[in-house]
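Below: data.csv (CSV, C-alpha atoms)
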chain,number,residue,atom,x,y,z
A,1,MET,CA,-25.3,-11.6,-10.8
A,2,THR,CA,-28.7,-10.5,-9.4
A,3,LYS,CA,-28.5,-9.8,-5.7
A,4,THR,CA,-30.9,-11.8,-3.4
A,5,ALA,CA,-33.3,-9.5,-1.5
A,6,PRO,CA,-32.1,-9.3,2.2
A,7,LEU,CA,-33.4,-12.3,4.2
A,8,ARG,CA,-34.0,-12.7,7.9
A,9,ILE,CA,-31.7,-15.6,8.9
A,10,LEU,CA,-31.6,-17.6,12.1
A,11,LEU,CA,-28.0,-18.4,12.7
A,12,TRP,CA,-25.9,-19.7,15.7
A,13,HIS,CA,-22.4,-18.3,16.4
A,14,VAL,CA,-20.6,-21.6,16.1
A,15,HIS,CA,-17.4,-20.8,14.1
A,16,GLY,CA,-16.4,-17.2,14.5
A,17,SER,CA,-14.2,-16.9,11.4
A,18,TRP,CA,-16.8,-18.5,9.1
A,19,THR,CA,-19.6,-16.4,10.6
A,20,GLU,CA,-17.3,-13.3,10.1
A,21,SER,CA,-17.6,-13.9,6.4
A,22,PHE,CA,-21.2,-15.0,6.2
A,23,VAL,CA,-22.6,-12.0,8.0
A,24,ARG,CA,-21.1,-9.7,5.4
A,25,GLY,CA,-23.7,-10.9,2.8
A,26,GLY,CA,-26.1,-8.1,3.4
A,27,HIS,CA,-28.8,-10.3,5.1
A,28,HIS,CA,-30.2,-9.7,8.6
A,29,CYS,CA,-28.8,-12.4,10.9
A,30,LEU,CA,-30.6,-13.3,14.1
A,31,LEU,CA,-28.4,-15.0,16.8
A,32,PRO,CA,-30.2,-16.7,19.7
A,33,LEU,CA,-29.5,-15.4,23.1
A,34,LEU,CA,-30.0,-17.2,26.4
A,35,ALA,CA,-29.4,-15.6,29.8
A,36,GLU,CA,-26.8,-18.3,30.7
A,37,GLY,CA,-25.1,-18.0,27.3
A,38,GLY,CA,-23.5,-21.3,26.5
A,39,PRO,CA,-23.2,-23.1,23.1
A,40,TRP,CA,-26.9,-22.6,22.2
A,41,GLY,CA,-27.4,-19.0,23.3
A,42,ARG,CA,-24.1,-17.1,23.2
A,43,GLY,CA,-25.5,-14.4,20.8
A,44,LEU,CA,-22.8,-12.2,19.3
A,45,SER,CA,-20.1,-13.0,21.9
A,46,GLY,CA,-18.9,-9.5,21.7
A,47,ARG,CA,-18.4,-9.4,18.0
A,48,ASP,CA,-19.1,-6.2,16.1
A,49,TRP,CA,-21.3,-7.5,13.2
A,50,PRO,CA,-23.7,-4.6,12.1
A,51,SER,CA,-25.9,-7.0,10.1
A,52,ALA,CA,-26.5,-9.3,13.0
A,53,GLU,CA,-28.4,-8.9,16.2
A,54,GLU,CA,-28.9,-10.9,19.4
A,55,VAL,CA,-32.5,-12.1,19.9
A,56,PRO,CA,-33.7,-13.6,23.2
A,57,VAL,CA,-35.0,-17.1,22.4
A,58,ASP,CA,-38.4,-16.4,23.8
A,59,ASP,CA,-38.9,-13.6,21.2
A,60,LEU,CA,-38.0,-15.8,18.2
A,61,LYS,CA,-41.5,-17.2,17.8
A,62,ASP,CA,-42.8,-13.7,17.0
A,63,LEU,CA,-40.3,-13.0,14.2
A,64,ASP,CA,-40.7,-13.8,10.5
A,65,VAL,CA,-37.6,-15.8,9.9
A,66,ASP,CA,-37.0,-16.6,6.2
A,67,VAL,CA,-34.4,-19.4,6.5
A,68,VAL,CA,-32.5,-21.2,9.2
A,69,ILE,CA,-28.7,-21.9,8.9
A,70,LEU,CA,-28.1,-25.1,10.9
A,71,GLN,CA,-24.6,-26.2,11.9
A,72,ARG,CA,-25.1,-28.8,14.6
A,73,PRO,CA,-27.7,-31.6,14.8
A,74,GLU,CA,-29.2,-30.3,18.1
A,75,GLU,CA,-30.1,-27.0,16.4
A,76,ILE,CA,-32.9,-28.7,14.3
A,77,GLN,CA,-35.0,-29.4,17.5
A,78,LEU,CA,-34.0,-26.1,19.1
A,79,ALA,CA,-35.2,-24.1,16.0
A,80,ALA,CA,-38.4,-26.0,15.9
A,81,ARG,CA,-39.1,-25.3,19.5
A,82,TRP,CA,-38.1,-21.6,19.5
A,83,LEU,CA,-39.6,-20.7,16.1
A,84,ARG,CA,-42.6,-23.1,16.5
A,85,ARG,CA,-41.9,-24.1,12.9
A,86,ARG,CA,-40.1,-27.2,11.8
A,87,PRO,CA,-36.9,-26.6,9.8
A,88,GLY,CA,-37.1,-28.1,6.3
A,89,LYS,CA,-40.8,-28.5,6.5
A,90,GLU,CA,-42.4,-25.2,7.7
A,91,VAL,CA,-39.4,-22.9,7.4
A,92,PRO,CA,-36.6,-23.3,4.8
A,93,ALA,CA,-33.3,-24.5,6.2
A,94,VAL,CA,-29.8,-25.5,5.1
A,95,TYR,CA,-27.2,-27.4,7.2
A,96,VAL,CA,-23.6,-26.3,7.0
A,97,GLU,CA,-21.1,-29.2,7.8
A,98,HIS,CA,-17.8,-27.6,8.8
A,99,ASN,CA,-16.0,-30.8,9.8
A,100,THR,CA,-14.5,-34.0,8.6
A,101,PRO,CA,-16.4,-37.1,9.7
A,102,ARG,CA,-15.9,-38.8,13.0
A,103,GLU,CA,-15.1,-41.5,13.9
A,104,HIS,CA,-14.6,-43.4,10.6
A,105,ALA,CA,-13.2,-41.6,7.6
A,106,ALA,CA,-15.2,-43.1,4.9
A,107,THR,CA,-18.2,-44.8,6.5
A,108,THR,CA,-19.6,-42.2,8.9
A,109,ARG,CA,-23.2,-41.5,8.1
A,110,HIS,CA,-24.2,-37.8,8.4
A,111,PRO,CA,-26.9,-36.9,10.9
A,112,LEU,CA,-29.0,-35.5,8.0
A,113,ALA,CA,-28.5,-38.6,5.8
A,114,ASP,CA,-32.1,-39.8,6.2
A,115,ARG,CA,-33.6,-36.4,5.2
A,116,ASP,CA,-34.0,-35.0,1.7
A,117,ASP,CA,-35.7,-31.7,2.8
A,118,ILE,CA,-32.6,-29.8,4.1
A,119,PRO,CA,-29.7,-29.2,1.7
A,120,LEU,CA,-26.3,-30.3,3.2
A,121,VAL,CA,-23.6,-27.7,2.5
A,122,HIS,CA,-20.0,-29.0,2.7
A,123,VAL,CA,-17.2,-26.4,3.0
A,124,THR,CA,-14.7,-28.6,1.0
A,125,HIS,CA,-14.9,-31.1,-1.8
A,126,PHE,CA,-13.0,-33.5,0.5
A,127,ASN,CA,-15.7,-33.4,3.2
A,128,GLU,CA,-18.4,-34.0,0.6
A,129,LEU,CA,-16.5,-37.0,-0.6
A,130,MET,CA,-15.9,-38.6,2.8
A,131,TRP,CA,-19.2,-38.1,4.5
A,132,ASP,CA,-22.0,-40.6,3.8
A,133,SER,CA,-24.6,-38.0,3.1
A,134,GLY,CA,-27.4,-40.5,2.2
A,135,LEU,CA,-30.6,-38.9,0.9
A,136,ALA,CA,-29.5,-35.3,1.7
A,137,PRO,CA,-28.9,-33.1,-1.4
A,138,THR,CA,-25.4,-31.8,-1.1
A,139,VAL,CA,-23.8,-28.5,-2.2
A,140,ILE,CA,-20.2,-27.4,-1.9
A,141,VAL,CA,-19.6,-23.8,-0.9
A,142,PRO,CA,-15.9,-23.3,-0.4
A,143,HIS,CA,-14.6,-20.9,2.2
A,144,GLY,CA,-14.1,-17.2,1.4
A,145,ILE,CA,-12.6,-14.7,3.8
A,146,PRO,CA,-12.2,-10.9,4.0
A,147,ASP,CA,-8.8,-9.9,2.7
A,148,PRO,CA,-6.6,-8.9,5.7
A,149,GLY,CA,-4.1,-7.4,3.3
A,150,GLU,CA,-0.6,-8.3,2.3
A,151,ARG,CA,1.3,-7.9,5.6
A,152,TYR,CA,4.1,-10.4,5.3
A,153,THR,CA,7.5,-9.3,6.4
A,154,GLY,CA,9.1,-12.6,7.4
A,155,GLU,CA,11.5,-10.7,9.6
A,156,VAL,CA,11.5,-13.3,12.4
A,157,PRO,CA,13.1,-16.6,11.2
A,158,HIS,CA,10.5,-18.7,12.9
A,159,GLY,CA,7.6,-20.8,11.8
A,160,ALA,CA,4.1,-19.9,12.8
A,161,ALA,CA,1.2,-22.3,13.5
A,162,LEU,CA,-2.4,-21.5,14.4
A,163,ILE,CA,-3.9,-24.4,16.4
A,164,ASN,CA,-6.8,-24.2,18.8
A,165,GLU,CA,-6.4,-26.6,21.8
A,166,PRO,CA,-3.2,-28.1,20.5
A,167,ALA,CA,-2.6,-30.2,23.6
A,168,ARG,CA,-6.1,-31.8,23.7
A,169,ARG,CA,-6.4,-32.3,19.9
A,170,GLY,CA,-2.9,-33.7,19.6
A,171,ARG,CA,-2.5,-36.0,16.6
A,172,ILE,CA,-5.6,-34.6,14.9
A,173,THR,CA,-4.0,-31.2,14.5
A,174,GLY,CA,-0.4,-32.6,14.2
A,175,THR,CA,0.8,-31.0,17.4
A,176,ASP,CA,3.2,-34.0,17.8
A,177,LEU,CA,4.9,-33.0,14.5
A,178,LEU,CA,5.9,-29.5,15.6
A,179,PRO,CA,9.2,-30.6,17.3
A,180,ALA,CA,10.5,-32.0,14.0
A,181,PHE,CA,10.3,-28.5,12.6
A,182,ALA,CA,11.4,-26.7,15.8
A,183,GLU,CA,14.7,-28.6,15.6
A,184,ILE,CA,15.4,-26.5,12.5
A,185,ALA,CA,13.9,-23.2,13.6
A,186,PRO,CA,11.6,-22.2,16.4
A,187,VAL,CA,7.8,-22.6,16.0
A,188,ASP,CA,5.5,-20.1,17.5
A,189,VAL,CA,2.0,-21.5,18.1
A,190,TYR,CA,-1.0,-19.3,18.4
A,191,GLY,CA,-4.6,-20.1,19.3
A,192,ILE,CA,-6.9,-21.1,22.2
A,193,GLY,CA,-5.1,-23.2,24.7
A,194,SER,CA,-1.6,-22.7,23.1
A,195,GLU,CA,-0.2,-21.9,26.6
A,196,GLU,CA,-0.6,-25.6,27.4
A,197,LEU,CA,2.5,-26.2,25.2
A,198,GLU,CA,4.7,-24.2,27.5
A,199,GLY,CA,7.8,-26.3,28.5
A,200,ARG,CA,7.0,-29.3,26.2
A,201,HIS,CA,9.8,-28.4,23.8
A,202,PRO,CA,12.4,-25.6,24.1
A,203,ALA,CA,11.8,-24.3,20.6
A,204,VAL,CA,8.0,-24.6,20.5
A,205,HIS,CA,6.7,-21.3,21.9
A,206,PRO,CA,3.0,-20.6,22.8
A,207,GLY,CA,1.9,-17.3,21.4
A,208,GLY,CA,-1.5,-17.0,23.0
A,209,ASP,CA,-5.0,-16.4,21.7
A,210,LEU,CA,-4.7,-13.0,20.1
A,211,PRO,CA,-7.4,-10.7,18.5
A,212,SER,CA,-7.5,-11.1,14.7
A,213,ARG,CA,-5.8,-7.8,13.8
A,214,GLU,CA,-2.9,-8.4,16.3
A,215,LEU,CA,-2.7,-12.0,15.3
A,216,HIS,CA,-2.4,-11.3,11.6
A,217,THR,CA,0.4,-8.8,12.3
A,218,GLU,CA,2.4,-11.2,14.6
A,219,VAL,CA,2.0,-14.2,12.3
A,220,ALA,CA,3.0,-12.2,9.2
A,221,ARG,CA,6.3,-11.3,10.9
A,222,ARG,CA,7.2,-15.0,11.0
A,223,ARG,CA,9.1,-16.5,8.0
A,224,VAL,CA,6.9,-19.6,7.3
A,225,TYR,CA,3.4,-20.8,8.0
A,226,LEU,CA,3.1,-24.4,9.2
A,227,HIS,CA,-0.1,-26.4,8.6
A,228,THR,CA,0.2,-29.7,10.4
A,229,ALA,CA,-3.4,-30.9,10.6
A,230,ARG,CA,-3.9,-34.6,9.9
A,231,TRP,CA,-7.7,-34.7,10.1
A,232,THR,CA,-9.5,-31.4,10.2
A,233,SER,CA,-11.5,-29.5,7.6
A,234,LEU,CA,-9.7,-26.8,5.7
A,235,GLY,CA,-8.6,-24.3,8.4
A,236,LEU,CA,-9.5,-20.7,7.8
A,237,SER,CA,-6.2,-19.8,9.5
A,238,LEU,CA,-4.4,-21.4,6.6
A,239,LEU,CA,-6.3,-19.3,4.1
A,240,GLU,CA,-5.7,-16.2,6.2
A,241,ALA,CA,-1.9,-16.9,6.3
A,242,MET,CA,-1.9,-17.2,2.5
A,243,HIS,CA,-3.9,-13.9,2.1
A,244,LEU,CA,-1.2,-12.3,4.3
A,245,GLY,CA,1.4,-13.4,1.8
A,246,MET,CA,3.1,-16.2,3.8
A,247,PRO,CA,4.8,-19.2,2.3
A,248,VAL,CA,3.3,-22.4,3.5
A,249,VAL,CA,4.6,-25.8,4.6
A,250,ALA,CA,1.6,-28.1,4.9
A,251,LEU,CA,0.6,-31.8,5.2
A,252,ALA,CA,-1.0,-33.1,2.1
A,253,THR,CA,-4.2,-34.1,4.0
A,254,THR,CA,-7.9,-33.4,3.5
A,255,GLU,CA,-8.3,-30.3,1.3
A,256,ALA,CA,-4.8,-28.8,1.6
A,257,VAL,CA,-3.7,-30.4,-1.6
A,258,LEU,CA,-6.2,-28.2,-3.5
A,259,ALA,CA,-5.8,-25.1,-1.3
A,260,VAL,CA,-2.0,-24.7,-1.5
A,261,PRO,CA,-0.4,-24.6,-4.9
A,262,PRO,CA,3.1,-26.1,-5.3
A,263,ASP,CA,4.9,-22.8,-5.8
A,264,ALA,CA,3.5,-21.4,-2.5
A,265,GLY,CA,5.8,-23.6,-0.5
A,266,ALA,CA,5.6,-27.3,0.1
A,267,VAL,CA,2.7,-29.8,0.4
A,268,SER,CA,3.5,-33.5,1.2
A,269,THR,CA,2.9,-36.4,3.5
A,270,ASP,CA,6.6,-36.9,3.8
A,271,ILE,CA,7.7,-35.2,7.0
A,272,LYS,CA,11.4,-35.3,5.9
A,273,ALA,CA,10.5,-33.5,2.6
A,274,LEU,CA,8.5,-30.9,4.5
A,275,ALA,CA,11.3,-30.3,7.0
A,276,LYS,CA,13.7,-29.8,4.1
A,277,ALA,CA,11.4,-27.2,2.5
A,278,TYR,CA,10.9,-25.5,5.9
A,279,ARG,CA,14.7,-25.3,6.3
A,280,GLU,CA,15.1,-23.8,2.8
A,281,LEU,CA,12.3,-21.2,3.3
A,282,ILE,CA,13.7,-20.2,6.8
A,283,HIS,CA,17.3,-19.7,5.4
A,284,GLU,CA,16.3,-18.1,2.0
A,285,PRO,CA,14.1,-15.1,2.8
A,286,ASP,CA,13.9,-14.0,-0.8
A,287,PHE,CA,12.6,-17.4,-1.9
A,288,ALA,CA,10.1,-17.2,1.0
A,289,VAL,CA,8.8,-13.9,-0.3
A,290,LEU,CA,8.2,-15.2,-3.8
A,291,ALA,CA,6.4,-18.3,-2.4
A,292,GLY,CA,4.3,-16.1,-0.2
A,293,LYS,CA,3.3,-13.9,-3.2
A,294,SER,CA,2.2,-17.1,-5.0
A,295,ALA,CA,0.2,-18.1,-1.9
A,296,ARG,CA,-1.6,-14.8,-1.7
A,297,GLU,CA,-2.4,-14.7,-5.4
A,298,PHE,CA,-3.9,-18.2,-5.3
A,299,ALA,CA,-5.9,-17.4,-2.1
A,300,LEU,CA,-7.3,-14.2,-3.5
A,301,SER,CA,-8.5,-16.0,-6.7
A,302,HIS,CA,-9.9,-19.1,-5.0
A,303,TYR,CA,-10.9,-18.1,-1.5
A,304,GLY,CA,-12.1,-14.5,-1.8
A,305,LEU,CA,-15.1,-13.1,0.0
A,306,GLU,CA,-17.0,-12.0,-3.1
A,307,ALA,CA,-17.3,-15.5,-4.6
A,308,PHE,CA,-18.2,-17.0,-1.2
A,309,LEU,CA,-21.1,-14.5,-0.8
A,310,GLU,CA,-22.3,-14.9,-4.3
A,311,ARG,CA,-22.5,-18.7,-3.9
A,312,TRP,CA,-24.5,-18.3,-0.7
A,313,ASP,CA,-26.8,-15.8,-2.3
A,314,ALA,CA,-27.6,-18.3,-5.1
A,315,LEU,CA,-28.3,-21.1,-2.6
A,316,LEU,CA,-30.4,-19.0,-0.3
A,317,ALA,CA,-32.4,-17.7,-3.3
A,318,GLU,CA,-33.0,-21.3,-4.3
A,319,VAL,CA,-34.1,-22.6,-0.9
A,320,THR,CA,-36.4,-19.6,-0.1
A,321,ALA,CA,-38.0,-19.5,-3.6
Spell out the structure here as C-alpha cells.
Amino acid sequence: MTKTAPLRILLWHVHGSWTESFVRGGHHCLLPLLAEGGPWGRGLSGRDWPSAEEVPVDDLKDLDVDVVILQRPEEIQLAARWLRRRPGKEVPAVYVEHNTPREHAATTRHPLADRDDIPLVHVTHFNELMWDSGLAPTVIVPHGIPDPGERYTGEVPHGAALINEPARRGRITGTDLLPAFAEIAPVDVYGIGSEELEGRHPAVHPGGDLPSRELHTEVARRRVYLHTARWTSLGLSLLEAMHLGMPVVALATTEAVLAVPPDAGAVSTDIKALAKAYRELIHEPDFAVLAGKSAREFALSHYGLEAFLERWDALLAEVTA
C-alpha cells in the first residue's frame, strides 16, 4: 500500500493509549499547549512521542495544518478559533468517537449528526451500530496497538483487571461484579483511582496506576485477565492483556464478543458461567497458558498496529485529497 506523505495534524491528547498508537503513523502531530494545561491544552503530558510536539495555542494560527483530528465536540470551536479556519469547511477534519453513547443506548444522537462535512470515525462496529450518526459519513477504524510482547507467566494465581476510576464508574465498568470472582481467587485491580477500592472487599486488591512497562509486567504475572465492563467502548487494556498472552474472562457486552475468541477463555453474560471459567483457569495453569496463546494470536492478527496505521493513512489521504 502506498504510504501517505507526512501530514501536519492538529490533535489533542485525550486518550493516551489510543494516541500512543496514532502518533506512530509517521505524521507530524501538533498538540495544543496552554499555560494552565487542563483538558484543552495539556500538550504531551510528559509522553515521549518523537513525531509529536507541543504548540502554544497562540502560535497555531501561523502553522499550515493539513487536517484536524477531533475527539470532543468542544474541539470544533477551539480549532476554528485557534487556527482561524473552520474544521470541515476551511481545513479538513475527522472526528474520532471513542465512546459508547450516553445516556440512551440506541437513541442518542451524535453531536456531529447534523453535519456531512466531517467524517465520523468509530473505533468499534458496536459503537457505529448504536450511535445515531445522522448525516455524518461514518467509518470504522478498529483499534491497533504496539505489541508489548508475550510476557505471560501466570505465576500468581490471581485475576487482574484494569479499570480507571472503578469506584466512581461502578456499574458501567462492572466494579460491582469483582467480589463474585474474588470469592474464588483474589482480584488485583490496576488503574487511576484503584486505591479507592481499598477495604471494600478482602480479596479485591488495588494495584495502583502504574507506568505501562511496569503494568504489563505485573499484569502478566497474574493467571487470568478479567474484563467486567458493562457499557464502555472496547478497552485497549483488554487488547494489551491479550497481546501479553493472557487468558480472558469477559462480559459479552459491546464489542467484546468480536474481540475475544471462545478458545481464549470465556465470554458470556452469565456471571455463574464466567465464575466457573475463572475457577478453571485459576486452578489449571496449563489450560490457562493455551488459552492465553489463542488470545495473543487473535489479538496480533486483528488488532495489530500496522493494520491500524494503514487504515488511518487511507482515510487521511482521502480527506486531504
Can I get the residues of region 94-184 of chain A within 12 Å of region 311-318 of chain A, each with the closest pair of atoms and their distance in Å to one decimal, using all atoms listed in the file, sorted chain first then ascending number, as JSON lines?
{"residue": "A:Val94", "atom": "CA", "partner": "A:Leu316", "partner_atom": "CA", "distance": 8.5}
{"residue": "A:Tyr95", "atom": "CA", "partner": "A:Leu315", "partner_atom": "CA", "distance": 11.7}
{"residue": "A:Val96", "atom": "CA", "partner": "A:Trp312", "partner_atom": "CA", "distance": 11.1}
{"residue": "A:Ile118", "atom": "CA", "partner": "A:Leu315", "partner_atom": "CA", "distance": 11.8}
{"residue": "A:Pro119", "atom": "CA", "partner": "A:Leu315", "partner_atom": "CA", "distance": 9.3}
{"residue": "A:Leu120", "atom": "CA", "partner": "A:Leu315", "partner_atom": "CA", "distance": 11.1}
{"residue": "A:Val121", "atom": "CA", "partner": "A:Leu315", "partner_atom": "CA", "distance": 9.6}
{"residue": "A:Val123", "atom": "CA", "partner": "A:Trp312", "partner_atom": "CA", "distance": 11.5}
{"residue": "A:Thr138", "atom": "CA", "partner": "A:Leu315", "partner_atom": "CA", "distance": 11.2}
{"residue": "A:Val139", "atom": "CA", "partner": "A:Leu315", "partner_atom": "CA", "distance": 8.7}
{"residue": "A:Ile140", "atom": "CA", "partner": "A:Arg311", "partner_atom": "CA", "distance": 9.2}
{"residue": "A:Val141", "atom": "CA", "partner": "A:Arg311", "partner_atom": "CA", "distance": 6.6}
{"residue": "A:Pro142", "atom": "CA", "partner": "A:Arg311", "partner_atom": "CA", "distance": 8.8}
{"residue": "A:His143", "atom": "CA", "partner": "A:Arg311", "partner_atom": "CA", "distance": 10.2}
{"residue": "A:Gly144", "atom": "CA", "partner": "A:Arg311", "partner_atom": "CA", "distance": 10.0}
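Each of A:Gly41, A:Leu290, A:Arg221, A:Ile192 was checked against Gly207 (chain A) using all atoms listed in the file; the smallest atom-to-atom distance is that of A:Ile192.
Atom to atom, CA of Val224 (chain A) and CA of Leu305 (chain A) stand 24.1 Å apart.
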Just to confirm, what's the straight-line distance from CA of Lys293 (chain A) to CA of Phe181 (chain A) in Å (one decimal)? 22.6 Å
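Comparing the minimum interatomic distances between Ala5 (chain A) and each of A:Thr320, A:Thr269, A:Thr153, A:Thr124, counting only C-alpha atoms, we find that A:Thr320 sits nearest.
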If you count all atoms listed in the file, the residue of A:Met130, A:Ala256, A:Ile9, A:Val248 closest to His104 (chain A) turns out to be A:Met130
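Considering only C-alpha atoms, the residue among A:Gly170, A:Pro73, A:Pro261, A:Gly159 positioned nearest to Val189 (chain A) is A:Gly159.
When CA of Phe22 (chain A) is paired with CA of Asp62 (chain A), their separation reads 24.2 Å.
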Starting from the sparse input, extend region 271-280 of chain A to all heavy atoms and give the output as a CSV table (one decimal), in the frame of the given file.
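Result saved to part_19.csv:
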chain,number,residue,atom,x,y,z
A,271,ILE,N,7.3,-36.2,6.0
A,271,ILE,CA,7.7,-35.2,7.0
A,271,ILE,C,9.2,-34.7,6.7
A,271,ILE,O,9.5,-33.5,6.9
A,271,ILE,CB,7.6,-35.7,8.4
A,271,ILE,CG1,6.2,-36.1,8.7
A,271,ILE,CG2,8.1,-34.7,9.4
A,271,ILE,CD1,5.2,-34.9,8.5
A,272,LYS,N,10.0,-35.6,6.2
A,272,LYS,CA,11.4,-35.3,5.9
A,272,LYS,C,11.4,-34.2,4.8
A,272,LYS,O,12.2,-33.3,4.8
A,272,LYS,CB,12.2,-36.5,5.5
A,272,LYS,CG,12.5,-37.4,6.7
A,272,LYS,CD,13.4,-38.6,6.3
A,272,LYS,CE,13.6,-39.5,7.5
A,272,LYS,NZ,14.5,-40.7,7.1
A,273,ALA,N,10.6,-34.4,3.7
A,273,ALA,CA,10.5,-33.5,2.6
A,273,ALA,C,10.0,-32.1,3.1
A,273,ALA,O,10.5,-31.1,2.7
A,273,ALA,CB,9.6,-34.1,1.5
A,274,LEU,N,9.0,-32.2,4.0
A,274,LEU,CA,8.5,-30.9,4.5
A,274,LEU,C,9.5,-30.2,5.4
A,274,LEU,O,9.7,-28.9,5.3
A,274,LEU,CB,7.2,-31.1,5.3
A,274,LEU,CG,6.0,-31.6,4.6
A,274,LEU,CD1,4.8,-31.9,5.5
A,274,LEU,CD2,5.6,-30.6,3.5
A,275,ALA,N,10.3,-30.9,6.2
A,275,ALA,CA,11.3,-30.3,7.0
A,275,ALA,C,12.4,-29.7,6.1
A,275,ALA,O,12.9,-28.6,6.4
A,275,ALA,CB,11.9,-31.4,7.9
A,276,LYS,N,12.7,-30.4,5.0
A,276,LYS,CA,13.7,-29.8,4.1
A,276,LYS,C,13.2,-28.5,3.5
A,276,LYS,O,14.0,-27.5,3.4
A,276,LYS,CB,14.0,-30.8,3.0
A,276,LYS,CG,15.0,-30.3,2.0
A,276,LYS,CD,15.2,-31.3,0.8
A,276,LYS,CE,16.2,-30.8,-0.2
A,276,LYS,NZ,16.3,-31.7,-1.4
A,277,ALA,N,11.9,-28.5,3.1
A,277,ALA,CA,11.4,-27.2,2.5
A,277,ALA,C,11.3,-26.1,3.6
A,277,ALA,O,11.6,-25.0,3.3
A,277,ALA,CB,10.0,-27.5,2.0
A,278,TYR,N,11.0,-26.5,4.8
A,278,TYR,CA,10.9,-25.5,5.9
A,278,TYR,C,12.3,-24.9,6.1
A,278,TYR,O,12.5,-23.7,6.3
A,278,TYR,CB,10.5,-26.3,7.2
A,278,TYR,CG,10.4,-25.4,8.4
A,278,TYR,CD1,9.4,-24.4,8.5
A,278,TYR,CD2,11.2,-25.7,9.5
A,278,TYR,CE1,9.3,-23.7,9.7
A,278,TYR,CE2,11.0,-24.9,10.7
A,278,TYR,CZ,10.1,-23.9,10.8
A,278,TYR,OH,10.0,-23.2,11.9
A,279,ARG,N,13.4,-25.7,6.1
A,279,ARG,CA,14.7,-25.3,6.3
A,279,ARG,C,15.1,-24.3,5.2
A,279,ARG,O,15.7,-23.2,5.4
A,279,ARG,CB,15.7,-26.4,6.3
A,279,ARG,CG,17.2,-26.0,6.5
A,279,ARG,CD,18.1,-27.2,6.4
A,279,ARG,NE,17.8,-28.3,7.3
A,279,ARG,CZ,18.2,-28.4,8.6
A,279,ARG,NH1,19.0,-27.4,9.1
A,279,ARG,NH2,17.9,-29.4,9.3
A,280,GLU,N,14.7,-24.6,3.9
A,280,GLU,CA,15.1,-23.8,2.8
A,280,GLU,C,14.4,-22.4,2.9
A,280,GLU,O,15.0,-21.4,2.6
A,280,GLU,CB,14.7,-24.5,1.5
A,280,GLU,CG,15.6,-25.7,1.2
A,280,GLU,CD,15.1,-26.4,-0.1
A,280,GLU,OE1,13.9,-26.1,-0.5
A,280,GLU,OE2,15.8,-27.3,-0.5
